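Structure, as structure tokens:
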There are 2 protein chains.
Amino acid sequence: MSVTAPRGFVASGVSAGIRRSQPDLAVLRSTEPAVGAALFTQNRVLAAPLIVSKAHLAEVEPQAVVINSGVANAATGVRGELDAVATAAEAGRLLGLDAEQVLVLSTGVIGVLLPLEKVTAGLAQAVPALSADGGPAAAVAIMTTDTKPKQAVVARDGFVVGGMAKGAGMIHPALATMLAVLTTDYPLAPGEADAFLRPAVDASFNRISVDGECSTNDAVVLLANGASGCARNDASFTAAVREVCAGLAAQIVADGEGATVLLEIEVAGAATEEDATAIARRIATSPLVKTAAFGRDANWGRVLAAAGSAPSNGGFAKLDPGSVSLRFNGTQVFTAGAPTALEPSLEGAVCRIELDLGLGVGSASYLASDLTYDYVRINAEYRT
Amino acid sequence: MSVTAPRGFVASGVSAGIRRSQPDLAVLRSTEPAVGAALFTQNRVLAAPLIVSKAHLAEVEPQAVVINSGVANAATGVRGELDAVATAAEAGRLLGLDAEQVLVLSTGVIGVLLPLEKVTAGLAQAVPALSADGGPAAAVAIMTTDTKPKQAVVARDGFVVGGMAKGAGMIHPALATMLAVLTTDYPLAPGEADAFLRPAVDASFNRISVDGECSTNDAVVLLANGASGCARNDASFTAAVREVCAGLAAQIVADGEGATVLLEIEVAGAATEEDATAIARRIATSPLVKTAAFGRDANWGRVLAAAGSAPSNGGFAKLDPGSVSLRFNGTQVFTAGAPTALEPSLEGAVCRIELDLGLGVGSASYLASDLTYDYVRINAEYRT
């Protein structure tokens, strides 16, 4: 039930005609006064809805989220911002909220204006349809090239955390991520949500890559309404938020555009955490590592080549081949600067890459998908 | 005639059996005392032949180059270095040179040991075959996934600069580049070659990208033997070296693995040169820009999304959508923060992307290929 699993949340998803025939407009609201936080993409080309949502968040606690797919409303200038403001205003009017209490998110083609009349008409459908069963419909309405909706729920200690996400391409979040909305009936005071959301996002959505592309529209939102009436247990809540984020992030990579293999990348022994992250990210975004994985070719030399050229601190991350060891899908293929001549097998849907640099205690993990014919097909055909 | 076009150079290319049935071993030497320089990849996993060639260059002026394809001799540890030393020693013996006067370069699969017996037997074939007509054969013998040899010659003011290069994948040079060898009969004193080679490489090979992959084996070598007997004209020579480098670099991108479109990327108006280069490089390596180009989809929003997330100076390069203008294949699609609603056409084999940031005077250009089914096929099947 995703975002409507916690008490006091309703949602809906409808077809507003922005996309040809798929559902494309989702509305989510808390029926109790909620507090919230959001993290946004660091891309310098910030989509209009994110500019507007940032401004709204700075004024009041968010109570509702409107998400459209099909058009990203990014690189659309002042007109785009006005369209995003108008969307929030119309949703607020229908929901009995101030416009500023509504966050707006968009996902789809960049550089195209939002068809505001369709969005407005869609809201008139979606708001009356809001229900405590509407989570799955909302999760479907935010999809673009996703092949399946992404939802996660964790219930424990008297509270529930729910979440939905979309994302299949342009996935390489920087500090924020693709679209994800988390809800909870756990009690938080105003201003508290960010401290729970940020570390969970950093350990999940910020550690995945489909194609190394950082979107203009990435956003993660958390709404908390306290409707559970449970006692505070922040350690438990922290773990639950992290679990939901990790679950959604893994679903995104597994549904990466054209993906056939999940690459689980573990880097250890780096000089610093920063170097470890840079190396894990470089492997996760290497077209040669990813095409080899698609071809089920255990071409582990490409992993070392990628690791050796990981941008970090204005240069490349520290790496001395003489102290490196590499396990490729469970087989030790390289140790102390030399190949072992063992040939790993590469079958199935998961490929585990464990690289130990033997330099320090920096470590990082990353999830990535492979690079396939279907990734090319989907993105060569996406708009046309 | 490539590397044998200048006076006083001989070359050959033979089949040593390292690759199944293609020529795979090239030898080039100057028949007059030469001086030289080389630039090597910055990848931390430096291939064994480059470790050895660096050491040789530190001792004496280079007189000959041996290049094998099929096996990169990278990530091969001490054994790999011994194999590279043995190759130089055997070539030196056959050529009547010290081992240190021979540079060795390799290209091919990473993590596989060099078949030294085949290399040795190949040298016994290649050295007697050296001739002033051997340039084209050498250019063929250094190919891997290249579909055609890359050669360039500039003759002017009494001297000639020749060059050959290989490279089709793993092309995203950092400070050095894939394999390229330049020869000239222009007179240079010992130690002078580097100052001519470095800026030419920086403006050519360091401004191309096929797949964002920085190889373990990238190297560019320049040998100058003064055999022309011409007077010095350093301005003319500088221009000639640059022209040969640019010609070879363009050939590499045009023959990029699976390439169907050449992307010519021009960034202007950036806050700094560094930002301009970062943005041009980010566009050149964007899978979404490259798949759209393959699909002949003028999806220019992806260019802005890429430009907005260009790593520079520990953050993203400066970009304010409000001052950006973008021409896509000659059509102004975005100006002053908003789309123009003009639809560019995208046909033919070249796509020109001109981005003006309106912030400063930083500018940079880049050449890139598109991302296609064939890139995936070639790299999913390369080793197996």
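Following the order of the structure tokens, chains are lettered A, B, ..., residues in each are numbered from 1, and ligands are numbered from 1.
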Q. Got a sec to pull out which chain A residues are within 6 Å of chain B, counting only C-alpha atoms, and send them as a list in words?
A.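 Filtering chain A at 6 Å from chain B with only C-alpha atoms gives Asn43, Arg44, Val45, Thr76, Gly77, Ile110, Gly111, Thr216, Thr291, Ala292, Gly295, Gly301, Ala305, Gly308, Ser309, Leu319, Gly337, Ala338, Tyr373, Val376, Asn379 and Ala380 of chain A.
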Store the residues picked out above, limited to C-alpha atoms, as a short mmCIF file (atom, residue, chain, number, x, y, z; two decimals), in the first residue's frame.
```cif
data_model
loop_
_atom_site.label_atom_id
_atom_site.label_comp_id
_atom_site.auth_asym_id
_atom_site.auth_seq_id
_atom_site.Cartn_x
_atom_site.Cartn_y
_atom_site.Cartn_z
CA ASN A 43 21.70 19.82 -10.90
CA ARG A 44 22.20 23.50 -11.84
CA VAL A 45 19.29 23.23 -14.22
CA THR A 76 10.99 26.04 -19.11
CA GLY A 77 11.87 29.46 -17.67
CA ILE A 110 12.94 18.27 -20.35
CA GLY A 111 12.39 21.53 -22.20
CA THR A 216 16.98 18.09 -13.21
CA THR A 291 28.47 -3.86 -21.26
CA ALA A 292 30.73 -6.72 -20.12
CA GLY A 295 27.53 -9.90 -22.18
CA GLY A 301 40.32 -5.94 -16.04
CA ALA A 305 40.81 0.29 -15.37
CA GLY A 308 42.27 3.59 -11.62
CA SER A 309 40.60 6.62 -13.14
CA LEU A 319 45.19 3.33 -5.96
CA GLY A 337 49.22 -6.57 -8.13
CA ALA A 338 48.86 -9.69 -10.22
CA TYR A 373 20.61 -2.92 -26.15
CA VAL A 376 19.94 2.27 -25.99
CA ASN A 379 16.58 6.22 -24.78
CA ALA A 380 16.96 6.50 -28.52
#
```
Q: Select from segment 68-292 of chain B everything DSSP, run on the backbone, classes as alpha helix (DSSP H), then give the selection as JSON, numbers by chain.
A: {"B": [77, 78, 79, 80, 81, 82, 83, 84, 85, 86, 87, 88, 89, 90, 91, 92, 93, 94, 95, 116, 117, 118, 119, 120, 121, 122, 123, 124, 125, 126, 135, 136, 137, 138, 139, 140, 141, 193, 194, 195, 196, 197, 198, 199, 200, 201, 202, 234, 235, 236, 237, 238, 239, 240, 241, 242, 243, 244, 245, 246, 247, 248, 249, 250, 251, 252, 253, 254, 273, 274, 275, 276, 277, 278, 279, 280, 281, 282, 283, 284, 287, 288, 289, 290, 291, 292]}
Q. Excluding same-chain residues fewer than 4 positions from Ile353 of chain A, what lies within 10 Å of it counting only C-alpha atoms, as a list of chain:residue names?
A. A:Leu263, A:Glu264, A:Ile265, A:Glu266, A:Val267, A:Ala280, A:Ile283, A:Trp300, A:Val303, A:Leu326, A:Arg327, A:Phe328, A:Asn329, A:Gly330, A:Thr331, A:Ser365, A:Tyr366
Produce a file of the selected residues containing C-alpha atoms, as a PDB file, in the first residue's frame.
```pdb
ATOM      1  CA  LEU A 263      25.965  -4.965 -10.028  1.00  0.00           C
ATOM      2  CA  GLU A 264      26.695  -4.956  -6.303  1.00  0.00           C
ATOM      3  CA  ILE A 265      29.878  -2.968  -5.863  1.00  0.00           C
ATOM      4  CA  GLU A 266      31.808  -3.008  -2.577  1.00  0.00           C
ATOM      5  CA  VAL A 267      34.971  -0.958  -2.227  1.00  0.00           C
ATOM      6  CA  ALA A 280      32.637   2.728  -6.414  1.00  0.00           C
ATOM      7  CA  ILE A 283      32.881   1.403 -11.543  1.00  0.00           C
ATOM      8  CA  TRP A 300      37.366  -7.879 -14.580  1.00  0.00           C
ATOM      9  CA  VAL A 303      36.917  -2.926 -13.249  1.00  0.00           C
ATOM     10  CA  LEU A 326      39.652  -7.985  -6.471  1.00  0.00           C
ATOM     11  CA  ARG A 327      36.977 -10.616  -6.057  1.00  0.00           C
ATOM     12  CA  PHE A 328      34.694 -10.904  -9.060  1.00  0.00           C
ATOM     13  CA  ASN A 329      31.434 -12.668  -8.346  1.00  0.00           C
ATOM     14  CA  GLY A 330      33.067 -14.589  -5.507  1.00  0.00           C
ATOM     15  CA  THR A 331      36.284 -15.540  -7.309  1.00  0.00           C
ATOM     16  CA  SER A 365      29.055   0.455  -1.705  1.00  0.00           C
ATOM     17  CA  TYR A 366      27.052   1.110  -4.834  1.00  0.00           C
TER      18      TYR A 366
END
```
Q. So how far away is atom CA of Ala200 of chain B from atom CA of Ala278 of chain A, in Å?
A.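 Rounded to one decimal, the two atoms are 29.7 Å apart.
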Q | Distance of atom CA of Ala126 of chain A from atom CA of Asp24 of chain A, expressed in Å to one decimal place | A |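 A separation of 10.6 Å between them.
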Q.
I need the residue nearest Ile279 of chain A from this list: A:Ala364, A:Leu97, A:Ala219, A:Ala193. Use only C-alpha atoms for the distance.
A. A:Ala364
Q: Work out how far atom CA of Asn68 of chain A is from atom CA of Ser12 of chain A, in Å to one decimal.
A: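 Computing the Euclidean distance for atom CA of Ser12 of chain A and atom CA of Asn68 of chain A yields 11.9 Å.
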